[in-house]
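Peer 1: data-v2.txt (compact mmCIF, C-alpha atoms) pasted underneath:
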# COMPACT_ATOMS: atom_id res chain seq x y z
CA MET A 1 12.81 -6.91 66.44
CA GLN A 2 9.49 -5.30 65.81
CA ASN A 3 11.22 -2.52 63.85
CA ASN A 4 12.85 -5.05 61.49
CA SER A 5 9.52 -6.81 61.03
CA SER A 6 7.87 -3.49 60.17
CA ARG A 7 10.58 -2.69 57.62
CA ALA A 8 10.24 -6.13 56.03
CA GLN A 9 6.48 -5.68 55.78
CA THR A 10 6.92 -2.24 54.20
CA THR A 11 9.38 -3.65 51.65
CA VAL A 12 7.00 -6.48 50.74
CA GLU A 13 4.11 -4.03 50.34
CA TYR A 14 6.29 -1.79 48.16
CA MET A 15 7.29 -4.73 45.96
CA ILE A 16 3.64 -5.81 45.58
CA ILE A 17 2.59 -2.27 44.57
CA LEU A 18 5.48 -2.06 42.10
CA ALA A 19 4.52 -5.41 40.58
CA ILE A 20 0.89 -4.29 40.19
CA VAL A 21 1.97 -1.04 38.51
CA LEU A 22 4.25 -2.96 36.10
CA VAL A 23 1.48 -5.42 35.20
CA ILE A 24 -0.99 -2.56 34.55
CA GLY A 25 1.65 -0.80 32.41
CA LEU A 26 2.22 -3.94 30.32
CA ILE A 27 -1.53 -4.40 29.84
CA VAL A 28 -1.93 -0.77 28.67
CA ILE A 29 0.99 -1.11 26.21
CA GLY A 30 -0.41 -4.39 24.88
CA LEU A 31 -3.87 -2.90 24.34
CA ALA A 32 -2.42 0.16 22.61
CA MET A 33 -0.44 -2.03 20.21
CA PHE A 34 -3.49 -4.24 19.56
CA PHE A 35 -5.80 -1.32 18.73
CA SER A 36 -3.12 0.38 16.64
CA GLN A 37 -2.68 -2.75 14.53
CA SER A 38 -6.45 -3.30 14.34
CA SER A 39 -7.10 0.26 13.12
CA GLY A 40 -4.43 -0.20 10.41
CA ASP A 41 -6.08 -3.44 9.28
CA VAL A 42 -9.51 -1.76 9.25
CA ALA A 43 -8.18 1.14 7.17
CA GLN A 44 -6.63 -1.28 4.68
CA SER A 45 -9.88 -3.28 4.45
CA GLU A 46 -11.88 -0.09 3.79
CA THR A 47 -9.41 1.03 1.12
CA SER A 48 -9.40 -2.36 -0.60
CA ALA A 49 -13.22 -2.46 -0.56
CA TYR A 50 -13.39 1.05 -2.04
CA TRP A 51 -11.07 0.26 -4.98
CA ALA A 52 -12.65 -3.16 -5.61
CA SER A 53 -16.32 -2.10 -5.58
CA GLN A 54 -16.94 1.66 -5.69
CA VAL A 55 -14.70 2.77 -8.55
CA ARG A 56 -15.61 2.96 -12.26
CA PRO A 57 -14.68 2.28 -15.02
CA LEU A 58 -11.47 0.61 -13.77
CA ARG A 59 -11.41 -1.28 -10.49
CA ILE A 60 -8.47 -2.63 -8.52
CA ILE A 61 -9.45 -6.15 -7.50
CA ASP A 62 -6.24 -6.79 -5.57
CA MET A 63 -3.06 -4.94 -4.61
CA GLN A 64 0.27 -6.06 -3.18
CA GLY A 65 3.63 -4.48 -2.39
CA TYR A 66 7.11 -6.00 -2.70
CA SER A 67 10.30 -4.81 -1.04
CA TYR A 68 13.69 -5.78 -2.46
CA THR A 69 16.53 -6.18 0.02
CA ALA A 70 19.09 -6.57 -2.76
CA SER A 71 17.99 -3.28 -4.29
CA PRO A 72 16.76 -1.07 -1.42
CA GLY A 73 16.24 1.95 -3.66
CA THR A 74 13.38 0.25 -5.52
CA GLY A 75 10.16 -1.47 -4.62
CA GLU A 76 7.11 -2.66 -6.52
CA ILE A 77 3.35 -2.24 -6.28
CA ALA A 78 1.26 -4.91 -8.00
CA LEU A 79 -2.25 -3.88 -9.08
CA TYR A 80 -4.80 -6.33 -10.49
CA ILE A 81 -7.14 -4.12 -12.53
CA GLU A 82 -10.54 -4.93 -14.08
CA ASN A 83 -12.44 -3.00 -16.76
CA VAL A 84 -16.03 -2.84 -15.46
CA ASP A 85 -17.25 -0.66 -18.35
CA SER A 86 -19.23 -1.92 -21.35
CA ARG A 87 -16.56 -0.53 -23.74
CA PRO A 88 -12.89 -1.38 -24.18
CA ILE A 89 -10.54 0.92 -22.26
CA THR A 90 -6.90 1.70 -22.99
CA ILE A 91 -4.82 2.42 -19.90
CA ARG A 92 -2.32 5.17 -20.73
CA GLY A 93 -0.55 5.70 -17.41
CA PHE A 94 -0.50 5.90 -13.63
CA ALA A 95 0.64 8.58 -11.19
CA THR A 96 1.31 7.75 -7.56
CA GLU A 97 1.47 10.56 -4.99
CA PRO A 98 3.46 11.80 -3.22
CA TYR A 99 5.97 11.96 -6.08
CA SER A 100 9.69 11.45 -5.62
CA ALA A 101 10.04 14.35 -8.06
CA ILE A 102 7.52 16.46 -9.93
CA SER A 103 8.62 14.86 -13.22
CA GLU A 104 8.85 11.34 -11.77
CA SER A 105 8.66 8.44 -14.21
CA TYR A 106 9.02 4.73 -13.54
CA ALA A 107 8.66 1.36 -15.22
CA VAL A 108 5.34 -0.46 -15.47
CA CYS A 109 5.77 -4.21 -15.99
CA ALA A 110 3.53 -7.10 -16.97
CA ASN A 111 5.31 -9.54 -14.62
CA HIS A 112 6.58 -9.52 -11.06
CA SER A 113 10.31 -9.19 -10.47
CA ALA A 114 11.77 -11.83 -8.16
CA THR A 115 14.86 -9.83 -7.20
CA GLY A 116 14.21 -6.19 -8.08
CA SER A 117 17.41 -6.08 -10.09
CA ASP A 118 15.65 -6.47 -13.47
CA SER A 119 15.91 -3.23 -15.37
CA PRO A 120 13.42 -1.94 -16.16
CA CYS A 121 11.32 -5.16 -16.06
CA PRO A 122 11.89 -8.93 -16.06
CA GLY A 123 12.62 -10.16 -19.60
CA SER A 124 10.69 -8.27 -22.25
CA THR A 125 7.61 -7.61 -20.11
CA SER A 126 7.73 -3.81 -19.96
CA TYR A 127 4.51 -1.94 -20.68
CA GLY A 128 6.51 1.30 -20.81
CA THR A 129 6.99 4.16 -18.39
CA SER A 130 4.50 5.94 -16.19
CA GLY A 131 4.33 8.48 -13.38
CA ALA A 132 3.71 12.22 -13.06
CA GLY A 133 6.17 12.88 -15.88
CA ALA A 134 4.79 10.16 -18.19
CA THR A 135 1.00 10.10 -17.98
CA SER A 136 0.66 8.58 -21.46
CA GLY A 137 3.74 6.37 -21.49
CA ILE A 138 1.91 3.03 -21.81
CA SER A 139 -0.88 1.65 -23.99
CA VAL A 140 -2.62 -1.43 -22.57
CA LYS A 141 -6.12 -2.28 -23.79
CA LEU A 142 -8.64 -4.00 -21.52
CA ALA A 143 -11.81 -5.46 -23.02
CA PRO A 144 -15.03 -5.26 -20.96
CA ASN A 145 -14.68 -7.49 -17.85
CA GLU A 146 -11.04 -8.21 -18.67
CA ARG A 147 -8.48 -8.19 -15.84
CA LYS A 148 -4.74 -7.61 -16.02
CA ALA A 149 -1.85 -7.27 -13.57
CA PHE A 150 0.31 -4.15 -13.60
CA TYR A 151 3.57 -3.93 -11.64
CA LEU A 152 4.50 -0.32 -10.85
CA ARG A 153 8.03 0.48 -9.72
CA PRO A 154 8.05 4.04 -8.30
CA THR A 155 11.12 4.95 -6.27
CA SER A 156 9.33 5.63 -3.00
CA ALA A 157 7.11 2.53 -2.90
CA CYS A 158 8.14 -0.33 -0.58
CA SER A 159 11.57 1.19 -0.21
CA ASN A 160 13.34 3.66 2.06
CA ALA A 161 14.16 5.95 -0.85
CA GLY A 162 12.18 8.90 -2.11
CA VAL A 163 9.72 11.12 -0.23
CA GLY A 164 6.46 10.98 1.65
CA GLU A 165 5.54 7.75 3.39
CA ALA A 166 8.43 5.74 1.96
CA SER A 167 8.75 2.50 3.92
CA THR A 168 9.91 -1.07 3.38
CA ASP A 169 7.00 -2.33 5.54
CA ARG A 170 3.93 -0.75 3.92
CA PHE A 171 2.99 1.32 0.90
CA ARG A 172 0.43 4.13 0.90
CA LYS A 173 -0.06 6.13 -2.28
CA TYR A 174 -2.79 8.20 -3.86
CA LEU A 175 -3.34 6.85 -7.36
CA THR A 176 -4.46 8.52 -10.58
CA ILE A 177 -5.22 6.33 -13.61
CA TYR A 178 -5.04 7.87 -17.09
CA TYR A 179 -7.04 6.17 -19.85
CA ASP A 180 -8.81 6.44 -23.21
CA THR A 181 -12.17 5.08 -24.35
CA PRO A 182 -13.31 4.56 -27.97
CA THR A 183 -15.15 7.90 -27.70
CA PHE A 184 -12.86 10.10 -25.58
CA SER A 185 -9.14 10.31 -24.94
CA GLY A 186 -7.13 11.94 -22.19
CA LEU A 187 -9.44 10.87 -19.36
CA SER A 188 -8.27 10.35 -15.79
CA PHE A 189 -9.56 9.21 -12.43
CA LYS A 190 -8.01 9.88 -9.01
CA GLY A 191 -9.19 7.75 -6.10
CA VAL A 192 -10.43 9.48 -2.95
CA LYS A 193 -8.72 6.77 -0.91
CA PRO A 194 -5.08 5.75 -1.30
CA ILE A 195 -3.90 2.35 -2.41
CA THR A 196 -2.24 0.72 0.58
CA GLY A 197 -0.90 -2.61 1.80
CA LYS A 198 2.03 -4.54 3.18
CA CYS A 199 5.36 -4.83 1.43
CA ASN A 200 6.25 -8.51 1.28
CA PRO A 201 9.97 -9.25 1.00
CA ALA A 202 10.66 -10.62 -2.49
Give the structure from the file, written as structure tokens.

Peer 2:
Amino acid sequence: MQNNSSRAQTTVEYMIILAIVLVIGLIVIGLAMFFSQSSGDVAQSETSAYWASQVRPLRIIDMQGYSYTASPGTGEIALYIENVDSRPITIRGFATEPYSAISESYAVCANHSATGSDSPCPGSTSYGTSGAGATSGISVKLAPNERKAFYLRPTSACSNAGVGEASTDRFRKYLTIYYDTPTFSGLSFKGVKPITGKCNPA
């Protein structure tokens, strides 16, 4: 009788220890997920602050990604750009790294695509082509303090196609902007931080 009682007590103690270990394990996993998400949010906040305040002569006030389920090979990055210079600036092109190909070119649109199936842009809103293989494929003038939206459609942004950090959840690209001023042409600026953000389903 005493032997059975001892076994029952040992089993109960074992179950209690197992429960404690499981609870500790769940707490550790929860904390790891929390800090991982928090560090991603902090990195995005730092990147957004850099592009919105520390960059001249063209700043990115806001950025957003779109992922198209109907067209999984394409995504879209929306950039809201402001000319903070005292002179007008003509944007000539963008290059987003890593490239899908060394001669990559893609559409740059004036409006957002609702479905991703518009080719190359919705209606007649194409600014032209851009990318590593088309660094002077557009010509959009911004007056001092003027802001405009640009919708870039590189293959590996907000999609599972292409190379590098291609994802339908987030985009992360190093960006070079090519531009002209009234005095000089063929200028460019590459950010030290990447453009990054979530890819909202369109």

Peer 1: What's the 7 Å shell around Phe171 (chain A), counting all atoms listed in the file, without same-chain residues fewer than 6 positions away, as a PyMOL selection string?

Peer 2: chain A and resi 65+157-158+196-199

Peer 1: Would you give me, as a Markdown table, each residue of region 65-147 of chain A having an atom within 10 Å of an atom of region 178-195 of chain A, along with its shortest atom pair and that distance in Å to one decimal, using all atoms listed in the file and sorting by chain and residue number?

Peer 2:
| residue | atom | partner | partner_atom | distance |
| --- | --- | --- | --- | --- |
| A:Ile77 | CA | A:Ile195 | CA | 9.4 |
| A:Leu79 | CA | A:Ile195 | CA | 9.3 |
| A:Asp85 | CA | A:Thr181 | CA | 9.7 |
| A:Arg87 | CA | A:Thr181 | CA | 7.1 |
| A:Pro88 | CA | A:Thr181 | CA | 6.5 |
| A:Ile89 | CA | A:Thr181 | CA | 4.9 |
| A:Thr90 | CA | A:Asp180 | CA | 5.1 |
| A:Ile91 | CA | A:Tyr179 | CA | 4.4 |
| A:Arg92 | CA | A:Tyr179 | CA | 4.9 |
| A:Gly93 | CA | A:Tyr178 | CA | 5.0 |
| A:Phe94 | CA | A:Tyr178 | CA | 6.0 |
| A:Ala95 | CA | A:Tyr178 | CA | 8.2 |
| A:Thr96 | CA | A:Ile195 | CA | 9.1 |
| A:Glu97 | CA | A:Pro194 | CA | 8.9 |
| A:Ser130 | CA | A:Tyr178 | CA | 9.8 |
| A:Thr135 | CA | A:Tyr178 | CA | 6.5 |
| A:Ser136 | CA | A:Tyr178 | CA | 7.2 |
| A:Gly137 | CA | A:Tyr178 | CA | 9.9 |
| A:Ile138 | CA | A:Tyr179 | CA | 9.7 |
| A:Ser139 | CA | A:Tyr179 | CA | 8.7 |
| A:Val140 | CA | A:Tyr179 | CA | 9.2 |
| A:Lys141 | CA | A:Asp180 | CA | 9.1 |

Peer 1: For CA of Ser105 (chain A) and CA of Ser67 (chain A), determine how far apart the two atoms are, in Å to one decimal place.

Peer 2: 18.8 Å

Peer 1: Separation of CA of Ala101 (chain A) and CA of Thr155 (chain A), in Å?

Peer 2: 9.6 Å

Peer 1: Per residue of region 65-184 of chain A within 10 Å of region 44-58 of chain A, which atom pair is closest and at what distance in Å (one decimal), using all atoms listed in the file, listed by chain and increasing number, as a Markdown table?

Peer 2:
| residue | atom | partner | partner_atom | distance |
| --- | --- | --- | --- | --- |
| A:Tyr80 | CA | A:Ala52 | CA | 9.8 |
| A:Ile81 | CA | A:Leu58 | CA | 6.5 |
| A:Glu82 | CA | A:Leu58 | CA | 5.6 |
| A:Asn83 | CA | A:Leu58 | CA | 4.8 |
| A:Val84 | CA | A:Pro57 | CA | 5.3 |
| A:Asp85 | CA | A:Pro57 | CA | 5.1 |
| A:Ser86 | CA | A:Pro57 | CA | 8.9 |
| A:Arg87 | CA | A:Pro57 | CA | 9.4 |
| A:Ile89 | CA | A:Pro57 | CA | 8.5 |
| A:Ile91 | CA | A:Leu58 | CA | 9.2 |
| A:Leu142 | CA | A:Leu58 | CA | 9.5 |
| A:Pro144 | CA | A:Pro57 | CA | 9.6 |
| A:Asn145 | CA | A:Leu58 | CA | 9.6 |
| A:Arg147 | CA | A:Leu58 | CA | 9.5 |
| A:Arg172 | CA | A:Gln44 | CA | 9.7 |
| A:Ile177 | CA | A:Leu58 | CA | 8.5 |
| A:Tyr179 | CA | A:Leu58 | CA | 9.4 |

Peer 1: Would you list the contacts of Ala78 (chain A) as JSON, numbers by chain, taking every protein, DNA or RNA residue within 8 Å and counting all atoms listed in the file, but skipping same-chain residues closer than 3 positions in sequence?

Peer 2: {"A": [63, 64, 65, 66, 112, 149, 150, 151, 152]}

Peer 1: For Thr125 (chain A), which residue among A:Ala143, A:Cys109, A:Ala161, A:Ile24 is the nearest when counting all atoms listed in the file?

Peer 2: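 Answer, going by the shortest atom-to-atom distance: A:Cys109.
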
Peer 1: Determine the nearest neighbour of Glu146 (chain A) from the options A:Gly75, A:Ala134, A:Ala110, A:Ile61, counting all atoms listed in the file.

Peer 2: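 Selected residue with least distance to Glu146 (chain A): A:Ile61.
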
Peer 1: Just how far from CA of Glu76 (chain A) is CA of Ala114 (chain A), in Å to one decimal?

Peer 2: 10.4 Å

Peer 1: Tell me which of A:Ser159, A:Cys121, A:Tyr99, A:Thr115 sits closest to Gly133 (chain A), counting only C-alpha atoms.

Peer 2: A:Tyr99
